[in-house]
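Okay, structure first, notes after.
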Amino acid sequence: MAMPECDPSEYPRDVPVQPGMPEGWKGIERLYGPNSKYAGRVYTRWSSLDGKHKHVCTPKQVITIDCQAKGLDPAAAIENYNRIQKEKEEAKRREREAKGKLAGEAREKAIQRFHESFGPLTGPLVYCFKGWTTRWHYQPNCDQVMIEYIDVDGGSWKLLKDLECALQIRIENGEEKAVREMIEDARPRMNPTEFARGSRTARETQGVFEIS
């Protein structure tokens with residue numbers, strides 16, 4: 001059966017302040033209740049450790065309150081917070097790109113280059129990649145089966161186009177021989193009938209089925 005987004009038993013829980021926020025505060029993560037349109041999602045509110053301020057909605061509001069208490073102009077502190085957050089996002093973007101997780105036009109062009117060399121990936125082909133695991137998830141809300149591919153490093157791939165993009169980046173980073181060998185080794189062993197068994201079994205059991 002499908003698992004919930006979050007384990008309700010873990011909430012509420014304390015979390016540290018974000019970089020660029022003042023000391024003397026903490027965050028509290030909670031789940032929206034069952035009657036909310038955001039039911040099951042997590043939200044954060046901020047409280048001062050001295051108990052004077054509770055349920056503050058945003059980091060910028062925390063910075064403003066803290067600066068006003070100290071007689072400081074919050075503008076510079078907020079600017080510093082924004083800079084730090086921007087640097088974090090940029091670092092995440094570079095990390096995603098290093099793993100082949102591109103977006104927009106760059107993603108589409110990488111996929112096109114991959115297709116020019118290997119053609120589109122298919123489920124039965126990826127299923128035969130050595131050392132990989134294929135996992136079929138039955139989703140009762142829509143009566144569909146979602147297919148997940150787990151690579152040898154534990155990375156999860158749910159969209160074949162994302163995987164094509166990532167493999168193309170590996171090729172362009174000097175791993176063409178390894179990628180080509182993995183694909184060429186898998187092609188002769190493709191068996192669409194065997195691959196279809198995964199979706200059928202997940203649907204019959206209304207759960208998760210996997211083959212390594």
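FYI, nothing fancy with the structure tokens labels: chains A, B, ... in order, residues from 1 per chain, ligands from 1 as they appear.
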Secondary structure check, strand (DSSP E) residues of stretch 129-194 of chain A, as a PyMOL selection string: chain A and resi 133-139+144-150+156-157
Store the residues picked out above, limited to N, CA and C atoms, as a PDB file, in the first residue's frame.
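Here's the written file selection.pdb:
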ATOM      1  N   THR A 133      18.177  -2.489  -9.235  1.00  0.00           N
ATOM      2  CA  THR A 133      16.930  -3.057  -8.729  1.00  0.00           C
ATOM      3  C   THR A 133      15.763  -2.317  -9.377  1.00  0.00           C
ATOM      4  N   THR A 134      14.768  -3.075  -9.799  1.00  0.00           N
ATOM      5  CA  THR A 134      13.543  -2.477 -10.318  1.00  0.00           C
ATOM      6  C   THR A 134      12.438  -2.728  -9.303  1.00  0.00           C
ATOM      7  N   ARG A 135      11.711  -1.659  -8.985  1.00  0.00           N
ATOM      8  CA  ARG A 135      10.684  -1.736  -7.935  1.00  0.00           C
ATOM      9  C   ARG A 135       9.368  -1.182  -8.488  1.00  0.00           C
ATOM     10  N   TRP A 136       8.322  -1.978  -8.365  1.00  0.00           N
ATOM     11  CA  TRP A 136       6.995  -1.579  -8.833  1.00  0.00           C
ATOM     12  C   TRP A 136       6.132  -1.224  -7.622  1.00  0.00           C
ATOM     13  N   HIS A 137       5.568  -0.016  -7.617  1.00  0.00           N
ATOM     14  CA  HIS A 137       4.742   0.459  -6.509  1.00  0.00           C
ATOM     15  C   HIS A 137       3.291   0.571  -6.973  1.00  0.00           C
ATOM     16  N   TYR A 138       2.410  -0.216  -6.391  1.00  0.00           N
ATOM     17  CA  TYR A 138       0.988  -0.042  -6.683  1.00  0.00           C
ATOM     18  C   TYR A 138       0.476   1.170  -5.920  1.00  0.00           C
ATOM     19  N   GLN A 139      -0.247   2.062  -6.626  1.00  0.00           N
ATOM     20  CA  GLN A 139      -0.762   3.296  -6.033  1.00  0.00           C
ATOM     21  C   GLN A 139      -2.293   3.230  -6.021  1.00  0.00           C
ATOM     22  N   GLN A 144      -2.808   2.861 -10.355  1.00  0.00           N
ATOM     23  CA  GLN A 144      -1.695   2.767 -11.294  1.00  0.00           C
ATOM     24  C   GLN A 144      -0.483   2.146 -10.595  1.00  0.00           C
ATOM     25  N   VAL A 145       0.463   1.692 -11.404  1.00  0.00           N
ATOM     26  CA  VAL A 145       1.720   1.145 -10.872  1.00  0.00           C
ATOM     27  C   VAL A 145       2.860   2.064 -11.280  1.00  0.00           C
ATOM     28  N   MET A 146       3.575   2.595 -10.297  1.00  0.00           N
ATOM     29  CA  MET A 146       4.726   3.452 -10.544  1.00  0.00           C
ATOM     30  C   MET A 146       5.987   2.594 -10.498  1.00  0.00           C
ATOM     31  N   ILE A 147       6.856   2.772 -11.474  1.00  0.00           N
ATOM     32  CA  ILE A 147       8.079   1.969 -11.559  1.00  0.00           C
ATOM     33  C   ILE A 147       9.270   2.818 -11.136  1.00  0.00           C
ATOM     34  N   GLU A 148      10.100   2.249 -10.272  1.00  0.00           N
ATOM     35  CA  GLU A 148      11.277   2.934  -9.743  1.00  0.00           C
ATOM     36  C   GLU A 148      12.506   2.074 -10.041  1.00  0.00           C
ATOM     37  N   TYR A 149      13.573   2.698 -10.499  1.00  0.00           N
ATOM     38  CA  TYR A 149      14.827   2.003 -10.790  1.00  0.00           C
ATOM     39  C   TYR A 149      15.884   2.467  -9.791  1.00  0.00           C
ATOM     40  N   ILE A 150      16.522   1.535  -9.121  1.00  0.00           N
ATOM     41  CA  ILE A 150      17.537   1.851  -8.108  1.00  0.00           C
ATOM     42  C   ILE A 150      18.904   1.466  -8.666  1.00  0.00           C
ATOM     43  N   SER A 156      17.749   6.730  -6.862  1.00  0.00           N
ATOM     44  CA  SER A 156      16.409   6.360  -7.313  1.00  0.00           C
ATOM     45  C   SER A 156      16.036   7.136  -8.571  1.00  0.00           C
ATOM     46  N   TRP A 157      15.495   6.406  -9.559  1.00  0.00           N
ATOM     47  CA  TRP A 157      15.084   7.025 -10.827  1.00  0.00           C
ATOM     48  C   TRP A 157      13.656   6.592 -11.141  1.00  0.00           C
TER      49      TRP A 157
END
Within 6 Å of stretch 49-65 of chain A using only C-alpha atoms, minus same-chain residues under 6 positions, as a PyMOL selection string: chain A and resi 24-25+74
Requested write-out: C-alpha atoms of the selected residues, as a PDB file, in the first residue's frame:
ATOM      1  CA  GLY A  24      18.537  32.003  20.582  1.00  0.00           C
ATOM      2  CA  TRP A  25      15.737  30.615  18.423  1.00  0.00           C
ATOM      3  CA  PRO A  74      17.052  44.398  10.244  1.00  0.00           C
TER       4      PRO A  74
END
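Taking only C-alpha atoms into account, A:Ala103 lies nearest to A:Asp162 out of the set A:Glu181, A:Glu194, A:Glu23, A:Asp162.
Atom CA of A:Pro19 to atom CA of A:Asp66 spans 14.8 Å [interatomic distance, one decimal].
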A:Gln206 surroundings by only C-alpha atoms, 8 Å radius, close-in-sequence under 2 positions cut, as an NGL selection string: :A and (1 or 138-140 or 202-204 or 208)
Contact residues around stretch 30-44 of chain A with only C-alpha atoms at 12 Å, ignoring same-chain residues under 6 positions, as a PyMOL selection string: chain A and resi 3-18+54-59
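Our summary of the geometry notes that atom CA of A:Glu79 is positioned 28.8 Å from atom CA of A:Gly104.
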Stretch 152-183 of chain A residues near stretch 113-129 of chain A within 9 Å, closest pair each, using only C-alpha atoms, as a Markdown table:
| residue | atom | partner | partner_atom | distance |
| --- | --- | --- | --- | --- |
| A:Leu160 | CA | A:Leu121 | CA | 6.5 |
| A:Lys161 | CA | A:Leu121 | CA | 7.9 |
| A:Leu163 | CA | A:Leu121 | CA | 8.5 |
| A:Glu164 | CA | A:Phe114 | CA | 6.4 |
| A:Cys165 | CA | A:Phe114 | CA | 7.2 |
| A:Leu167 | CA | A:Phe114 | CA | 7.7 |
| A:Gln168 | CA | A:Phe114 | CA | 5.5 |
| A:Ile171 | CA | A:Phe114 | CA | 8.9 |
| A:Arg180 | CA | A:Phe118 | CA | 8.5 |
| A:Met182 | CA | A:Phe129 | CA | 6.2 |
| A:Ile183 | CA | A:Phe129 | CA | 7.0 |
Helix (DSSP H, G or I) positions in stretch 49-207 of chain A, given as a PyMOL selection string: chain A and resi 59-69+74-98+104-118+123-127+160-189+192-205
From A:Met190, A:Gln112, A:Arg200, A:Asn82, residue lying nearest A:Asp143 [only C-alpha atoms]: A:Arg200
